[in-house]
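The structure file run36.cif is reproduced below (mmCIF, C-alpha atoms).
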```
data_final
loop_
_atom_site.label_atom_id
_atom_site.label_comp_id
_atom_site.auth_asym_id
_atom_site.auth_seq_id
_atom_site.Cartn_x
_atom_site.Cartn_y
_atom_site.Cartn_z
CA MET A 9 81.10 144.96 51.76
CA ILE A 10 78.62 147.24 53.49
CA LEU A 11 76.11 146.29 56.19
CA PHE A 12 73.21 148.75 55.92
CA PRO A 13 71.08 149.09 59.07
CA ALA A 14 67.46 149.76 58.17
CA ILE A 15 64.95 152.26 59.46
CA ASP A 16 61.42 151.63 58.15
CA LEU A 17 59.04 154.51 58.85
CA LYS A 18 55.34 154.16 59.59
CA GLY A 19 53.41 156.96 61.26
CA GLY A 20 56.68 158.71 62.10
CA GLN A 21 57.96 155.71 64.05
CA CYS A 22 60.70 153.18 63.40
CA VAL A 23 59.01 149.83 62.70
CA ARG A 24 59.56 146.45 61.08
CA LEU A 25 56.94 144.65 59.04
CA LYS A 26 56.41 140.93 58.64
CA LEU A 27 56.25 139.80 55.00
CA GLY A 28 55.54 143.37 53.93
CA ASP A 29 52.19 143.43 55.74
CA MET A 30 51.41 146.89 57.16
CA ALA A 31 49.03 145.25 59.65
CA GLN A 32 51.97 143.29 61.09
CA ALA A 33 54.16 146.19 62.18
CA THR A 34 56.29 146.10 65.32
CA VAL A 35 57.40 149.49 66.68
CA TYR A 36 61.05 149.45 67.73
CA ASN A 37 61.71 153.14 68.31
CA ALA A 38 59.37 156.12 68.43
CA ASP A 39 62.32 158.41 67.63
CA PRO A 40 63.84 157.51 64.22
CA ALA A 41 66.45 160.26 64.49
CA ALA A 42 67.75 158.80 67.76
CA GLN A 43 67.85 155.38 66.11
CA ALA A 44 69.87 156.79 63.21
CA LYS A 45 72.39 158.31 65.63
CA ALA A 46 72.58 155.03 67.56
CA PHE A 47 73.45 153.13 64.38
CA GLU A 48 76.19 155.67 63.64
CA ASP A 49 77.56 155.33 67.17
CA GLN A 50 77.63 151.53 66.74
CA GLY A 51 80.03 151.93 63.82
CA PHE A 52 77.76 151.61 60.80
CA GLU A 53 78.77 153.79 57.85
CA TRP A 54 75.53 153.91 55.85
CA LEU A 55 71.80 154.04 56.59
CA HIS A 56 68.90 152.55 54.63
CA VAL A 57 65.54 154.28 55.16
CA VAL A 58 62.12 153.37 53.77
CA ASP A 59 58.98 155.50 53.98
CA LEU A 60 56.45 152.67 54.23
CA ASP A 61 53.42 154.95 54.25
CA GLY A 62 54.84 156.72 51.22
CA ALA A 63 55.34 153.46 49.35
CA PHE A 64 51.63 152.68 49.66
CA ALA A 65 50.44 156.25 49.10
CA GLY A 66 52.67 157.01 46.14
CA GLU A 67 54.05 160.15 47.77
CA SER A 68 56.26 160.97 50.74
CA ARG A 69 54.42 160.67 54.06
CA ASN A 70 57.23 160.64 56.65
CA GLY A 71 59.17 163.62 55.38
CA SER A 72 59.67 165.26 58.77
CA ALA A 73 61.07 162.02 60.22
CA VAL A 74 63.48 161.66 57.29
CA GLU A 75 64.64 165.25 57.68
CA ALA A 76 65.23 164.65 61.38
CA ILE A 77 67.29 161.56 60.53
CA LEU A 78 69.42 163.56 58.09
CA LYS A 79 70.15 166.12 60.81
CA ALA A 80 70.94 163.43 63.40
CA THR A 81 73.53 161.40 61.49
CA LYS A 82 76.64 162.19 59.49
CA ASN A 83 76.33 158.87 57.65
CA PRO A 84 75.13 158.83 54.04
CA VAL A 85 71.45 157.93 53.83
CA GLN A 86 69.56 156.18 51.03
CA LEU A 87 65.76 156.58 50.96
CA GLY A 88 62.97 154.73 49.20
CA GLY A 89 59.19 154.79 49.36
CA GLY A 90 56.78 156.97 47.43
CA ILE A 91 59.34 158.80 45.30
CA ARG A 92 57.72 158.81 41.86
CA THR A 93 58.77 162.01 40.03
CA LEU A 94 61.97 163.81 39.05
CA ALA A 95 60.85 166.74 41.20
CA HIS A 96 60.61 164.45 44.23
CA VAL A 97 64.05 163.00 43.47
CA GLU A 98 65.62 166.44 43.19
CA ALA A 99 63.90 167.75 46.31
CA TRP A 100 65.15 164.86 48.43
CA LEU A 101 68.69 165.01 47.10
CA ASP A 102 68.72 168.74 47.83
CA LYS A 103 67.82 167.94 51.45
CA GLY A 104 71.00 165.92 51.82
CA LEU A 105 70.23 162.34 50.84
CA ALA A 106 73.13 160.41 49.37
CA ARG A 107 70.88 158.21 47.23
CA VAL A 108 67.24 157.98 46.26
CA ILE A 109 65.74 154.52 45.69
CA LEU A 110 63.17 154.19 42.90
CA GLY A 111 60.99 151.10 42.99
CA THR A 112 57.45 151.26 41.64
CA VAL A 113 58.39 153.94 39.09
CA ALA A 114 61.19 151.68 37.81
CA VAL A 115 58.46 149.30 36.66
CA ARG A 116 55.93 151.91 35.56
CA ASP A 117 58.32 154.36 33.88
CA PRO A 118 61.88 153.07 33.29
CA GLY A 119 62.61 156.18 31.23
CA LEU A 120 62.17 158.37 34.29
CA VAL A 121 64.78 156.33 36.15
CA LYS A 122 67.23 156.66 33.27
CA GLU A 123 66.65 160.40 33.11
CA ALA A 124 67.20 160.68 36.87
CA CYS A 125 70.51 158.82 36.49
CA LYS A 126 71.61 161.35 33.87
CA ARG A 127 70.65 164.32 36.01
CA PHE A 128 72.00 162.96 39.29
CA PRO A 129 74.96 160.67 38.52
CA GLY A 130 75.74 158.08 41.17
CA ARG A 131 72.77 159.03 43.33
CA ILE A 132 69.96 156.86 41.95
CA ALA A 133 69.34 153.29 43.14
CA VAL A 134 66.64 150.92 41.92
CA GLY A 135 64.62 148.87 44.40
CA ILE A 136 63.51 145.50 43.07
CA ASP A 137 61.11 143.77 45.44
CA ALA A 138 60.11 140.27 44.37
CA ARG A 139 57.67 137.65 45.52
CA GLY A 140 58.19 134.25 43.91
CA GLY A 141 60.68 135.84 41.53
CA LYS A 142 58.12 138.37 40.20
CA VAL A 143 58.42 142.07 40.91
CA ALA A 144 55.88 143.64 43.28
CA VAL A 145 54.98 147.34 43.29
CA GLU A 146 52.95 149.93 45.22
CA GLY A 147 54.44 149.00 48.59
CA TRP A 148 54.37 145.30 47.63
CA ALA A 149 50.59 145.42 47.36
CA GLU A 150 50.50 144.64 43.63
CA ALA A 151 52.26 141.92 41.66
CA SER A 152 53.62 142.51 38.16
CA SER A 153 54.48 140.03 35.42
CA LEU A 154 58.09 141.20 35.31
CA GLY A 155 60.89 138.97 36.51
CA ALA A 156 63.52 140.53 38.78
CA VAL A 157 66.41 139.85 36.39
CA GLU A 158 64.39 141.14 33.43
CA LEU A 159 63.74 144.43 35.23
CA ALA A 160 67.35 144.81 36.37
CA GLN A 161 68.68 144.32 32.87
CA LYS A 162 66.57 147.23 31.61
CA PHE A 163 68.92 149.54 33.48
CA GLU A 164 72.25 148.21 32.27
CA GLY A 165 74.39 151.13 31.18
CA ALA A 166 71.98 153.71 32.56
CA GLY A 167 74.19 154.73 35.47
CA VAL A 168 72.18 153.16 38.30
CA ALA A 169 74.33 153.28 41.44
CA ALA A 170 72.91 150.10 42.99
CA ILE A 171 70.05 147.63 42.88
CA ILE A 172 68.44 146.76 46.20
CA TYR A 173 66.94 143.31 45.83
CA THR A 174 64.36 142.29 48.43
CA ASP A 175 62.83 138.84 48.70
CA ILE A 176 59.42 139.74 50.15
CA ASP A 177 58.75 136.17 51.28
CA ARG A 178 61.70 136.44 53.66
CA ASP A 179 61.38 140.04 54.79
CA GLY A 180 60.96 140.48 58.52
CA VAL A 181 60.75 136.77 59.31
CA LEU A 182 64.45 136.06 59.93
CA ALA A 183 64.50 133.21 57.42
CA GLY A 184 67.92 134.09 56.04
CA ILE A 185 68.69 135.98 52.85
CA ASN A 186 67.80 134.32 49.56
CA TRP A 187 71.43 134.05 48.54
CA GLU A 188 70.78 131.95 45.45
CA ALA A 189 68.42 134.46 43.82
CA THR A 190 70.40 137.49 44.96
CA ILE A 191 73.72 136.21 43.72
CA ALA A 192 72.12 135.09 40.45
CA LEU A 193 70.78 138.62 39.96
CA ALA A 194 74.20 140.11 40.70
CA GLY A 195 75.70 137.79 38.11
CA ALA A 196 73.17 138.88 35.47
CA VAL A 197 74.00 142.60 35.60
CA SER A 198 77.04 144.81 36.05
CA ILE A 199 75.17 147.09 38.48
CA PRO A 200 76.14 146.59 42.16
CA VAL A 201 73.49 144.60 44.06
CA ILE A 202 72.51 144.96 47.73
CA ALA A 203 70.79 141.99 49.39
CA SER A 204 67.66 142.65 51.45
CA GLY A 205 65.04 140.59 53.23
CA GLY A 206 65.56 137.93 55.85
CA LEU A 207 69.06 138.58 57.21
CA ALA A 208 68.84 136.60 60.41
CA SER A 209 72.14 135.94 62.12
CA LEU A 210 75.92 136.13 62.02
CA ALA A 211 75.75 133.11 59.72
CA ASP A 212 74.36 135.45 57.06
CA ILE A 213 77.14 137.94 57.78
CA ARG A 214 79.74 135.20 57.32
CA ARG A 215 77.98 134.12 54.13
CA MET A 216 78.66 137.60 52.77
CA ARG A 217 82.37 136.74 52.90
CA GLU A 218 82.10 133.73 50.59
CA PRO A 219 83.69 134.17 47.14
CA ASP A 220 80.40 134.06 45.21
CA ALA A 221 78.91 136.78 47.43
CA ARG A 222 81.87 139.13 47.06
CA LYS A 223 80.25 140.62 43.95
CA LEU A 224 77.54 142.14 46.16
CA GLU A 225 77.86 145.68 47.48
CA GLY A 226 76.42 144.58 50.80
CA ALA A 227 73.26 143.61 52.67
CA ILE A 228 70.52 145.31 54.66
CA SER A 229 69.63 144.28 58.21
CA GLY A 230 66.55 145.30 60.14
CA ARG A 231 64.79 143.03 62.62
CA ALA A 232 67.90 141.00 63.48
CA LEU A 233 69.64 144.18 64.67
CA TYR A 234 66.63 145.41 66.63
CA ASP A 235 66.05 142.02 68.26
CA GLY A 236 69.70 141.66 69.24
CA ARG A 237 70.25 138.56 67.11
CA ILE A 238 73.19 140.32 65.49
CA ASP A 239 75.79 142.12 67.56
CA PRO A 240 76.81 145.19 65.53
CA ALA A 241 80.45 145.19 66.65
CA GLU A 242 80.90 141.50 65.86
CA ALA A 243 79.17 141.76 62.50
CA LEU A 244 81.22 144.75 61.42
CA GLU A 245 84.44 143.06 62.56
CA ILE A 246 83.63 139.97 60.47
CA LEU A 247 83.17 142.15 57.39
CA ARG A 248 86.29 144.21 58.06
CA ALA A 249 88.32 141.03 58.36
CA ALA A 250 87.10 140.01 54.92
CA ALA A 251 88.07 143.29 53.28
#
```
Please go through the file and, once you have read it, give me the structure as structure tokens.
Amino acid sequence: MILFPAIDLKGGQCVRLKLGDMAQATVYNADPAAQAKAFEDQGFEWLHVVDLDGAFAGESRNGSAVEAILKATKNPVQLGGGIRTLAHVEAWLDKGLARVILGTVAVRDPGLVKEACKRFPGRIAVGIDARGGKVAVEGWAEASSLGAVELAQKFEGAGVAAIIYTDIDRDGVLAGINWEATIALAGAVSIPVIASGGLASLADIRRMREPDARKLEGAISGRALYDGRIDPAEALEILRAAA
């Protein structure tokens, strides 16, 4: 079970949004590379990065910050936000990313995701961001008619390394992860699922140890780590004890 610390990039800075609203961004660190190194030093073994500007623009906008992060940490890094073409996927993987996360393009062009999985085995994740159970795209600015489970099942057998499932209504507000929906999604597909959105306290970390949550690959934490609501050493010890 992996706890993924999150770095969300806006204007080259490390921020957290509230409910996916770019107007409600709190800056936590002006140096994302230093933040990446700090997470490594705290004992985390993965890093989750999102180019927020890129997600809205449809193309990478915080490339220099991501490259600085890759140089600063030895941990594997997964990146999402604005990656919409096979050329973008290949370029980022060549720069040293462990995994690329495809979100909007997974809705718009599922065939591209499947082709990426063939070309880059084990290195393509799908980001499914849902509001009220329906998938949102373009940096959460647009709603689609697709259900989260329906979208996930399109990629069964395609070689997707992981699905990152975010409940937008809980993201950045410390309301606790939507365990019911996340675990239901994990039960509907064979692809590993990572929980995202709302992780609030050590109670959520302990919930990850429950038998029904063991099918998850892990969970992403952002604001709760930055605000000090979760002590990294204690959280990682809880998960190690459950291994």
**OP:** For the point (80.1, 139.4, 66.4) in the file's frame, write as number ranges by chain all residues with an atom no more than 12 Å away, counting all atoms listed in the file.
**Re:** A: 209-214, 233, 236-249
**OP:** Might you pull out every residue within 9 Å of region 171-177 of chain A, with only C-alpha atoms counted and same-chain residues fewer than 4 positions away left off, and present them as a ChimeraX atom specification?
**Re:** /A:27-28,109,133-141,144,148,156,160,181,183,185-186,189-190,193-194,199-206,227-228
Restricting it to C-alpha atoms, dump the selection as a short mmCIF file (atom, residue, chain, number, x, y, z; two decimals), in the frame of the given file.
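Writing done, so here's again.cif:
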```cif
data_model
loop_
_atom_site.label_atom_id
_atom_site.label_comp_id
_atom_site.auth_asym_id
_atom_site.auth_seq_id
_atom_site.Cartn_x
_atom_site.Cartn_y
_atom_site.Cartn_z
CA LEU A 27 56.25 139.80 55.00
CA GLY A 28 55.54 143.37 53.93
CA ILE A 109 65.74 154.52 45.69
CA ALA A 133 69.34 153.29 43.14
CA VAL A 134 66.64 150.92 41.92
CA GLY A 135 64.62 148.87 44.40
CA ILE A 136 63.51 145.50 43.07
CA ASP A 137 61.11 143.77 45.44
CA ALA A 138 60.11 140.27 44.37
CA ARG A 139 57.67 137.65 45.52
CA GLY A 140 58.19 134.25 43.91
CA GLY A 141 60.68 135.84 41.53
CA ALA A 144 55.88 143.64 43.28
CA TRP A 148 54.37 145.30 47.63
CA ALA A 156 63.52 140.53 38.78
CA ALA A 160 67.35 144.81 36.37
CA VAL A 181 60.75 136.77 59.31
CA ALA A 183 64.50 133.21 57.42
CA ILE A 185 68.69 135.98 52.85
CA ASN A 186 67.80 134.32 49.56
CA ALA A 189 68.42 134.46 43.82
CA THR A 190 70.40 137.49 44.96
CA LEU A 193 70.78 138.62 39.96
CA ALA A 194 74.20 140.11 40.70
CA ILE A 199 75.17 147.09 38.48
CA PRO A 200 76.14 146.59 42.16
CA VAL A 201 73.49 144.60 44.06
CA ILE A 202 72.51 144.96 47.73
CA ALA A 203 70.79 141.99 49.39
CA SER A 204 67.66 142.65 51.45
CA GLY A 205 65.04 140.59 53.23
CA GLY A 206 65.56 137.93 55.85
CA ALA A 227 73.26 143.61 52.67
CA ILE A 228 70.52 145.31 54.66
#
```
**OP:** Considering only C-alpha atoms, state which residue in the set A:Val121, A:Ala151, A:Ala42, A:Val143 is at the smallest distance from Ala169 (chain A).
**Re:**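 Smallest separation from Ala169 (chain A) among the options: A:Val121.
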Subject >> Result set of the PyMOL selection byres ((chain A and resi 15-20) around 6) on the coordinates above, as an MDAnalysis selection string >> reply: chainID A and resid 14 21:23 57:61 70 73
Original post:
Between CA of Ala76 (chain A) and CA of Gly111 (chain A), what is the distance, to one decimal in Å?
Top reply: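 Taking CA of Ala76 (chain A) and CA of Gly111 (chain A), their separation equals 23.2 Å.
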**OP:** Please evaluate the PyMOL selection byres ((chain A and resi 223) around 8) against the structure above and give the resulting residues as a ChimeraX atom specification.
**Re:** /A:191,194-195,200-201,219-222,224-225
Original post:
Hey, can you check how far CA of Gly119 (chain A) sits from CA of Leu55 (chain A)?
Top reply: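 It comes out at 27.1 Å.
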**OP:** State, in Å with one decimal place, the distance from CA of Ile132 (chain A) to CA of Val108 (chain A).
**Re:**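 Atom-to-atom, CA of Ile132 (chain A) to CA of Val108 (chain A), that is 5.2 Å.
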Subject >> Given the PyMOL selection byres ((chain A and resi 130) around 8), the residues it picks as a VMD selection string >> reply: chain A and resid 107 125 128 to 129 131 to 132 167 to 169
**OP:** Pick out the closest residue to Trp100 (chain A) from this set: A:Ile10, A:Ala41, A:Leu120, A:Val74. Count only C-alpha atoms.
**Re:**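 Nearest to Trp100 (chain A): A:Val74.
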Please export region 53-68 of chain A as a compact mmCIF listing (two decimals), in the first residue's frame, restricted to N, CA and C atoms.
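Once everything was written out, this is result37.txt:
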```txt
# COMPACT_ATOMS: atom_id res chain seq x y z
N GLU A 53 8.13 6.97 -0.95
CA GLU A 53 8.82 6.22 -1.99
C GLU A 53 8.28 6.49 -3.40
N TRP A 54 7.27 7.33 -3.50
CA TRP A 54 6.72 7.74 -4.79
C TRP A 54 6.36 9.21 -4.70
N LEU A 55 6.09 9.83 -5.86
CA LEU A 55 5.65 11.22 -5.89
C LEU A 55 4.60 11.39 -6.98
N HIS A 56 3.51 12.06 -6.62
CA HIS A 56 2.41 12.33 -7.55
C HIS A 56 2.43 13.82 -7.88
N VAL A 57 2.56 14.15 -9.17
CA VAL A 57 2.66 15.54 -9.59
C VAL A 57 1.57 15.84 -10.62
N VAL A 58 0.94 17.00 -10.48
CA VAL A 58 -0.07 17.45 -11.43
C VAL A 58 0.27 18.86 -11.91
N ASP A 59 0.30 19.03 -13.23
CA ASP A 59 0.47 20.34 -13.84
C ASP A 59 -0.93 20.93 -13.99
N LEU A 60 -1.35 21.72 -13.02
CA LEU A 60 -2.71 22.27 -13.03
C LEU A 60 -2.94 23.20 -14.21
N ASP A 61 -1.98 24.08 -14.48
CA ASP A 61 -2.10 24.98 -15.62
C ASP A 61 -2.22 24.18 -16.91
N GLY A 62 -1.44 23.11 -17.00
CA GLY A 62 -1.47 22.26 -18.18
C GLY A 62 -2.80 21.57 -18.36
N ALA A 63 -3.42 21.16 -17.25
CA ALA A 63 -4.71 20.48 -17.33
C ALA A 63 -5.76 21.38 -17.96
N PHE A 64 -5.72 22.66 -17.62
CA PHE A 64 -6.69 23.61 -18.18
C PHE A 64 -6.32 24.02 -19.60
N ALA A 65 -5.01 24.12 -19.88
CA ALA A 65 -4.56 24.61 -21.18
C ALA A 65 -4.53 23.51 -22.24
N GLY A 66 -4.46 22.26 -21.80
CA GLY A 66 -4.38 21.17 -22.76
C GLY A 66 -2.98 20.92 -23.26
N GLU A 67 -1.99 21.50 -22.59
CA GLU A 67 -0.58 21.28 -22.92
C GLU A 67 0.25 21.61 -21.69
N SER A 68 1.44 21.04 -21.63
CA SER A 68 2.28 21.24 -20.45
C SER A 68 2.62 22.72 -20.27
```
